[in-house]
Amino acid sequence: MNWEQLLSLKRHGDTSKRLRKEQNETRLGFEVDYDRIIFSSAFRSLQDKTQVIPMPISVGSNKDFVHTRLTHSLEVSVVGRSLGRIAGQQILSKYPFLSEVHGYHFNDFGAIVAAAALAHDIGNPPFGHSGEKAIGNYFEQGNGRKYKEQLSDVEYQDLIDFEGNANGFKLLTESKDGVPGGLRLSYATLGAFMKYPKASLPKKPSRHIADKKFGFFQSERDFFKEVVDEIGLVPNPHNPNMGYFRHPLTYLVEAADDICYTIIDFEDGINLGLISEEYALEYLIKLVKDNINTKKYGAMSSSSDRLSYLRALAINTLIKDAVDVFVNNEEDILTGNFSSALLDKGRYKAQIDDIIKLSVEKIYQSKHVIDKELAGYRIIADLLDMYTTALVREKENKANNYDLLLIKSLPENNRKVDASLYKILLDTSCFVASLSDSAAVHIHDKLTGRKI
């Protein structure tokens with residue numbers, strides 16, 4: 001891979017090349033990407049999607065703030081911007097022609113990573129981490145398994161392994177009537193967004209991080225190929241049909257997410273009383289002990305001030321560590337030979353593992369989280385069953401009046417039954433995934449007669 005290609009400003013529908021040196025510095029293309037994402041309806045819906053801990057929550061704490069997908073995404077984008085800028089400085093120093101000949105600035109790297117990081121959760125379903133599994137479970141073990149024989153293997157795999165990353169790519173790029181190319185983001189930003197640039201099959205063909213999950217549905221296969229060809233991603237020999245190694249900046253997007261959920265989910269758990277404050281502070285101090293100003297820390301009388309200081313210091317420590325790993329392995333990353341997340345190769349892996357282990361035990365497996373996930377499984381399965389049944393019956397000219405009423409309750413783009421069975425099932429799954437937690441509960445209550 002080469003940086004000039006990887007930093008492509010091309011957008012869907014372009015007929016001529018966009019050159020960096022001809023960009024308007026007051027309205028840079030990569031910054032336009034950020035703006036388009038933040039003003040999109042899909043991004044706004046994240047304000048009412050569970051990150052980890054459901055909201056509202058009451059666990060005997062007076063600190064009732066909890067992160068949603070939206071606040072998490074904003075914070076990841078800020079961390080990503082810093083990662084991109086710092087790494088960008090060193091990349092331009094190593095390859096000065098990028099600046100001298102093509103006009104790239106270190107802020108460009110920050111803008112790309114920030115935009116991709118802002119969108120990293122945009123395709124995630126409601127009800128936290130179990131949302132994807134609930135959709136997949138409906139098609140693998142629920143009533144949706146009856147469609148298996150009518151789908152190709154890879155189409156069925158798209159559904160039973162429903163993936164928020166692939167849904168995010170669909171949301172960002174899908175053409176609609178009068179809206180070709182979706183948000184029409186630059187191909188550099190789309191490339192950085194794709195954590196897993198492969199199809200759903202073969203499943204996990206290697207231990208390389210790019211093969212962990214998948215990044216596009218079959219409905220977006222052609223456009224995915226257009227993007228990877230333009231930015232020059234390296235084909236993955238473990239998946240020669242439709243698999244590639246990552247865009248290098250994807251590693252920084254992933255690091256930003258890893259840093260935020262490691263530290264800030266942990267902070268949420270402390271603030272909500274799920275993790276003992278003294279116990280938690282000890283874990284954070286172990287992470288930042290080489291950088292802590294003990295005099296400044298000792299002077300803080302408020303526990304919230306101490307926690308905020310340690311959180312900021314921890315994030316800054318991990319940013320520097322991630323950039324060091326990225327720069328030291330940049331050549332292997334460009335050839336596809338770097339197979340791990342950046343923080344997995346960093347100095348602080350042991351401390352991060354300890355924090356995540358405690359978070360899993362005290363936060364991710366807490367009663368509040370489990371109760372929300374259980375409710376989510378039922379709600380998602382019911383909505384999928386009602387909508388897919390009605391749509392398939394209408395496609396087969398077997399719809400009853402109830403089916404027709406159900407179809408009318410869907411957005412207009414989701415009522416079309418002249419598409420393939422796969423497209424109907426996938427689009428309905430993506431519609432359910434687009435719902436916020438509250439919207440999913442409200443629609444479920446209405447359709448099951450609990451609320452009129």
# chains A, B, ... in the order shown; residues from 1 in each chain; ligands from 1
>>> residues_around(residues="region 426-431 of chain A", least_positions_apart="2", cutoff="9 Å", atoms="only C-alpha atoms", output="VMD selection string")
chain A and resid 123 125 135 155 158 to 159 162 167 170 to 171 217 219 384 387 to 388 410 to 411 413 to 414 421 to 424 433 to 435
>>> atom_distance(atom1="CA of Glu373 (chain A)", atom2="CA of Ala341 (chain A)")
27.3 Å
>>> residues_around(residues="Phe266 (chain A)", least_positions_apart="6", cutoff="9 Å", atoms="only C-alpha atoms", output="list in words")
Ile275, Ala280, Ile355, Ile356, Leu358, Ser359 and Ile363 of chain A
>>> closest_residue(among="A:Val360, A:Leu391, A:Leu7, A:Val66", to="Ile264 (chain A)", atoms="only C-alpha atoms")
A:Val66
>>> residues_around(residues="region 240-247 of chain A", least_positions_apart="3", cutoff="6 Å", atoms="only C-alpha atoms", output="compact mmCIF listing (two decimals) with C-alpha atoms, in the first residue's frame")
# COMPACT_ATOMS: atom_id res chain seq x y z
CA GLY A 191 -11.18 2.88 4.04
CA ALA A 192 -10.21 3.92 7.56
CA PRO A 197 -12.40 -5.49 4.94
CA LYS A 198 -13.81 -8.89 4.04
CA VAL A 234 -3.57 -5.29 -0.29
CA PRO A 235 -5.47 -8.54 -1.05
CA ASN A 236 -5.49 -10.99 1.84
CA PRO A 237 -4.18 -14.41 0.72
CA THR A 250 -7.95 1.79 10.67
CA GLY A 336 -0.47 -6.32 5.70
>>> closest_residue(among="A:Val432, A:Leu92, A:Leu19, A:Ile407", to="His105 (chain A)", atoms="only C-alpha atoms")
A:Leu92
